[in-house]
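Novice: Take this structure, written in structure tokens, and hold onto it; I'll ask about it next.
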Amino acid sequence: MQELKSLVRIAGTTIDGTKRVPYGLAYIKGIGINLAFAITRAAGIDESKKIGELTEEEIEKLEKMIQEIPGNLPSFMLNKRKDLWTGEDKHLIGPDLVFDTRKHIDFMKKIKCWKGIRHALGLKVRGQRTRTTGRKGRTVGVKRRKR
């Protein structure tokens with residue numbers, strides 16, 4: 001029997017070898033549980049296996065599937081559908097996702113749209129109530145008068 005590797009590196013992320021394959025893949029930024037199960041099934045890897053039990057060929061197969069996500073899955077599972085600048089469907093993972101999100105927020109701030117203004121002011125962006133929540137950073141409560 002093959003020994004269990006304690007740490008496995010997939011798509012630039014170090015994953016705990018004791019996790020089952022789909023749950024281990026979900027540690028990669030940009031891949032959720034449902035997408036991880038879809039990738040595992042598409043790669044033909046047993047879902048009950050642990051990440052540390054995978055062979056080098058299976059790890060390379062998973063890497064390849066992660067790089068080719070847009071071609072293998074329906075568009076509703078992707079995280080960048082109809083991209084603002086290119087208009088194409090794509091799926092970003094890791095630091096590319098963080099960079100693209102930051103770029104998008106900076107663009108909204110630059111054109112001064114509603115969401116951009118809310119981001120710039122550090123307020124809630126998606127229409128949540130702010131009367132009683134979202135008060136971090138400021139003193140809350142009533143100040144006493146000096147006697």
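To be explicit about the labels: the chains of the structure tokens are called A, B, and onward in the order shown, and within each one the residues are counted from 1, while ligands get numbers from 1 in the order they are shown.
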Hey, what's within 12 Å of Lys64 in chain A if we count only C-alpha atoms and toss same-chain stuff fewer than 4 positions away? As an NGL selection string, please?

Specialist: :A and (10-11 or 39-40 or 42-43 or 57-60 or 68-72)

Novice: Output N, CA, C and O atoms for every residue in that selection, as a compact mmCIF listing (two decimals), in the first residue's frame.

Specialist:
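Result file out.txt:
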```txt
# COMPACT_ATOMS: atom_id res chain seq x y z
N ILE A 10 -1.18 21.53 -5.14
CA ILE A 10 -2.00 21.52 -6.36
C ILE A 10 -2.39 22.96 -6.65
O ILE A 10 -2.91 23.66 -5.78
N ALA A 11 -2.15 23.40 -7.88
CA ALA A 11 -2.52 24.74 -8.36
C ALA A 11 -1.99 25.84 -7.46
O ALA A 11 -2.68 26.81 -7.16
N ILE A 39 -15.07 18.60 -10.71
CA ILE A 39 -13.72 18.38 -11.24
C ILE A 39 -13.28 16.95 -10.96
O ILE A 39 -12.71 16.27 -11.82
N THR A 40 -13.53 16.47 -9.74
CA THR A 40 -13.13 15.12 -9.37
C THR A 40 -13.83 14.08 -10.23
O THR A 40 -13.20 13.12 -10.71
N ALA A 42 -15.14 14.59 -13.26
CA ALA A 42 -14.69 14.74 -14.65
C ALA A 42 -13.31 14.12 -14.85
O ALA A 42 -13.00 13.61 -15.92
N ALA A 43 -12.47 14.16 -13.80
CA ALA A 43 -11.13 13.58 -13.90
C ALA A 43 -11.16 12.06 -13.71
O ALA A 43 -10.16 11.39 -13.97
N GLU A 57 0.38 10.84 -11.35
CA GLU A 57 -0.43 10.96 -12.57
C GLU A 57 -1.80 11.56 -12.25
O GLU A 57 -2.31 12.39 -13.01
N GLU A 58 -2.40 11.12 -11.15
CA GLU A 58 -3.72 11.65 -10.77
C GLU A 58 -3.63 13.12 -10.38
O GLU A 58 -4.52 13.91 -10.71
N ILE A 59 -2.54 13.50 -9.71
CA ILE A 59 -2.36 14.91 -9.33
C ILE A 59 -2.19 15.76 -10.59
O ILE A 59 -2.79 16.85 -10.70
N GLU A 60 -1.41 15.26 -11.55
CA GLU A 60 -1.24 16.00 -12.82
C GLU A 60 -2.57 16.10 -13.57
O GLU A 60 -2.86 17.13 -14.19
N GLU A 68 -8.20 23.77 -17.22
CA GLU A 68 -9.14 23.76 -18.34
C GLU A 68 -10.59 23.81 -17.87
O GLU A 68 -11.47 23.29 -18.55
N ILE A 69 -10.87 24.43 -16.75
CA ILE A 69 -12.23 24.46 -16.19
C ILE A 69 -13.26 25.00 -17.18
O ILE A 69 -14.29 24.39 -17.38
N PRO A 70 -13.05 26.14 -17.85
CA PRO A 70 -14.12 26.68 -18.70
C PRO A 70 -14.57 25.74 -19.81
O PRO A 70 -15.75 25.71 -20.16
N GLY A 71 -13.68 24.94 -20.36
CA GLY A 71 -14.05 24.05 -21.45
C GLY A 71 -14.78 22.80 -21.00
O GLY A 71 -15.50 22.18 -21.78
N ASN A 72 -14.61 22.40 -19.76
CA ASN A 72 -15.15 21.13 -19.28
C ASN A 72 -16.48 21.24 -18.56
O ASN A 72 -17.14 20.24 -18.36
```

Novice: Please run DSSP on the backbone and report, as a ChimeraX atom specification, all residues within chain A that come out as strand (DSSP E or B).

Specialist: /A:7-10,13-16,20,50,80,90

Novice: Could the residues in this selection be written to a file with N, CA and C atoms, as an mmCIF file, in the first residue's frame?

Specialist:
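Result went into part_9.cif, see below:
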```
data_model
loop_
_atom_site.group_PDB
_atom_site.id
_atom_site.type_symbol
_atom_site.label_atom_id
_atom_site.label_comp_id
_atom_site.auth_asym_id
_atom_site.auth_seq_id
_atom_site.Cartn_x
_atom_site.Cartn_y
_atom_site.Cartn_z
ATOM 1 N N LEU A 7 1.319 16.555 2.944
ATOM 2 C CA LEU A 7 0.992 17.789 2.233
ATOM 3 C C LEU A 7 1.150 17.558 0.733
ATOM 4 N N VAL A 8 0.197 18.072 -0.043
ATOM 5 C CA VAL A 8 0.236 17.955 -1.497
ATOM 6 C C VAL A 8 0.033 19.336 -2.084
ATOM 7 N N ARG A 9 0.818 19.675 -3.107
ATOM 8 C CA ARG A 9 0.728 20.992 -3.742
ATOM 9 C C ARG A 9 -0.026 20.860 -5.066
ATOM 10 N N ILE A 10 -1.180 21.526 -5.140
ATOM 11 C CA ILE A 10 -1.998 21.525 -6.355
ATOM 12 C C ILE A 10 -2.392 22.960 -6.651
ATOM 13 N N THR A 13 -1.370 25.791 -4.312
ATOM 14 C CA THR A 13 -1.905 25.766 -2.951
ATOM 15 C C THR A 13 -1.467 24.476 -2.268
ATOM 16 N N THR A 14 -1.006 24.588 -1.032
ATOM 17 C CA THR A 14 -0.633 23.413 -0.257
ATOM 18 C C THR A 14 -1.878 22.886 0.448
ATOM 19 N N ILE A 15 -2.170 21.610 0.210
ATOM 20 C CA ILE A 15 -3.399 21.002 0.719
ATOM 21 C C ILE A 15 -3.040 19.881 1.688
ATOM 22 N N ASP A 16 -3.804 19.783 2.784
ATOM 23 C CA ASP A 16 -3.621 18.728 3.778
ATOM 24 C C ASP A 16 -3.918 17.372 3.147
ATOM 25 N N ARG A 20 -10.330 14.350 2.061
ATOM 26 C CA ARG A 20 -10.816 13.676 0.862
ATOM 27 C C ARG A 20 -10.638 14.608 -0.331
ATOM 28 N N LYS A 50 -8.239 9.930 -0.302
ATOM 29 C CA LYS A 50 -7.648 11.099 0.349
ATOM 30 C C LYS A 50 -6.627 11.709 -0.596
ATOM 31 N N LYS A 80 -16.381 33.925 -13.444
ATOM 32 C CA LYS A 80 -16.296 35.162 -14.233
ATOM 33 C C LYS A 80 -17.034 34.959 -15.548
ATOM 34 N N LYS A 90 -14.934 32.797 -18.134
ATOM 35 C CA LYS A 90 -13.687 32.205 -17.658
ATOM 36 C C LYS A 90 -13.806 31.908 -16.175
#
```

Novice: Can you work out which one of A:Leu62, A:Val125, A:Thr18, A:Ala38 has the shortest atom-to-atom distance to Pro74 in chain A, counting only C-alpha atoms?

Specialist: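 Using only C-alpha atoms, Pro74 in chain A sits closest to A:Ala38.
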
Novice: Taking the DSSP assignment computed from this structure's backbone, write out as number ranges by chain all residues of chain A that belong to helix (DSSP H, G or I).

Specialist: A: 21-25, 33-43, 51-53, 56-67, 69-72, 75-77, 95-111, 114-121

Novice: Select, from A:Pro22, A:Trp85, A:Gly52, A:Leu121, the residue with the minimum atom-to-atom distance to Ala36 in chain A, counting only C-alpha atoms.

Specialist: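 Residue with the minimum atom-to-atom distance to Ala36 in chain A: A:Pro22.
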
Novice: Restricting the calculation to only C-alpha atoms, which member of A:Arg131, A:Asn79, A:Leu54, A:Lys109 is positioned closest to Leu97 in chain A?

Specialist: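 Once distances to Leu97 in chain A are computed over only C-alpha atoms, the minimum belongs to A:Asn79.
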
Novice: Of the candidates A:Glu63, A:Glu88, A:Asp100, A:Asp83, which one gets nearest to Ile28 in chain A if we count only C-alpha atoms?

Specialist: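 Ranking A:Glu63, A:Glu88, A:Asp100, A:Asp83 by distance to Ile28 in chain A, first place goes to A:Glu63.
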
Novice: Tell me which of A:Gly122, A:Gly17, A:Gly32, A:Gly44 sits closest to Lys136 in chain A, counting only C-alpha atoms.

Specialist: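 Closest to Lys136 in chain A of all the choices is A:Gly122.
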
Novice: Could you check which of A:Gly116, A:Gly24, A:Thr55, A:Gly127 is closest to His104 in chain A, using only C-alpha atoms?

Specialist: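 For His104 in chain A, the nearest of the given residues is A:Gly116.
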
Novice: Applying 10 Å and only C-alpha atoms, which residues near Gly30 in chain A remain after dropping the ones on its own chain fewer than 2 positions away? List them as a short mmCIF file (atom, residue, chain, number, x, y, z; two decimals) with N, CA and C atoms, in the first residue's frame.

Specialist:
```cif
data_model
loop_
_atom_site.label_atom_id
_atom_site.label_comp_id
_atom_site.auth_asym_id
_atom_site.auth_seq_id
_atom_site.Cartn_x
_atom_site.Cartn_y
_atom_site.Cartn_z
N LEU A 25 -9.64 19.93 -2.61
CA LEU A 25 -9.63 20.88 -3.73
C LEU A 25 -10.34 22.18 -3.37
N ALA A 26 -11.30 22.11 -2.47
CA ALA A 26 -12.05 23.30 -2.08
C ALA A 26 -11.18 24.30 -1.30
N TYR A 27 -9.99 23.88 -0.86
CA TYR A 27 -9.08 24.80 -0.19
C TYR A 27 -8.43 25.76 -1.18
N ILE A 28 -8.49 25.46 -2.47
CA ILE A 28 -7.93 26.34 -3.48
C ILE A 28 -8.87 27.52 -3.67
N GLY A 32 -15.05 25.96 -5.11
CA GLY A 32 -15.94 25.61 -4.01
C GLY A 32 -16.18 24.10 -3.97
N LEU A 35 -17.95 22.69 -7.27
CA LEU A 35 -17.01 22.67 -8.38
C LEU A 35 -15.94 21.60 -8.16
N LEU A 78 -18.98 28.77 -13.52
CA LEU A 78 -17.78 29.59 -13.59
C LEU A 78 -17.94 30.85 -12.75
N ASN A 79 -16.81 31.43 -12.29
CA ASN A 79 -16.90 32.60 -11.43
C ASN A 79 -16.73 33.92 -12.17
N HIS A 91 -12.87 31.14 -15.68
CA HIS A 91 -12.85 30.79 -14.27
C HIS A 91 -11.46 31.08 -13.73
N LEU A 92 -11.37 31.93 -12.73
CA LEU A 92 -10.08 32.30 -12.16
C LEU A 92 -9.89 31.61 -10.82
N ILE A 93 -8.63 31.27 -10.52
CA ILE A 93 -8.32 30.67 -9.23
C ILE A 93 -7.08 31.34 -8.65
N GLY A 94 -6.94 31.26 -7.33
CA GLY A 94 -5.74 31.74 -6.64
C GLY A 94 -5.54 33.25 -6.75
N PRO A 95 -4.29 33.67 -6.91
CA PRO A 95 -3.99 35.10 -6.94
C PRO A 95 -4.59 35.83 -8.14
N ASP A 96 -4.87 35.10 -9.24
CA ASP A 96 -5.52 35.74 -10.39
C ASP A 96 -6.91 36.23 -10.02
N LEU A 97 -7.63 35.45 -9.21
CA LEU A 97 -8.98 35.84 -8.78
C LEU A 97 -8.92 37.07 -7.89
N VAL A 98 -7.96 37.11 -6.96
CA VAL A 98 -7.82 38.25 -6.06
C VAL A 98 -7.48 39.50 -6.85
#
```

Novice: Residues near Gly134 in chain A, anyone? I mean within 8 Å using only C-alpha atoms, not counting same-chain ones fewer than 2 positions away, as a ChimeraX atom specification.

Specialist: /A:123-124,130,132,136

Novice: Would you mind listing what lies within 7 Å of Val21 in chain A as number ranges by chain, with only C-alpha atoms counted and same-chain residues fewer than 6 positions away left out?

Specialist: A: 47, 49-51

Novice: Rounded to one decimal, what separation in Å do you get between CA of Leu84 in chain A and CA of Ile66 in chain A?

Specialist: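 Spanning CA of Leu84 in chain A to CA of Ile66 in chain A is a straight-line distance of 22.4 Å.
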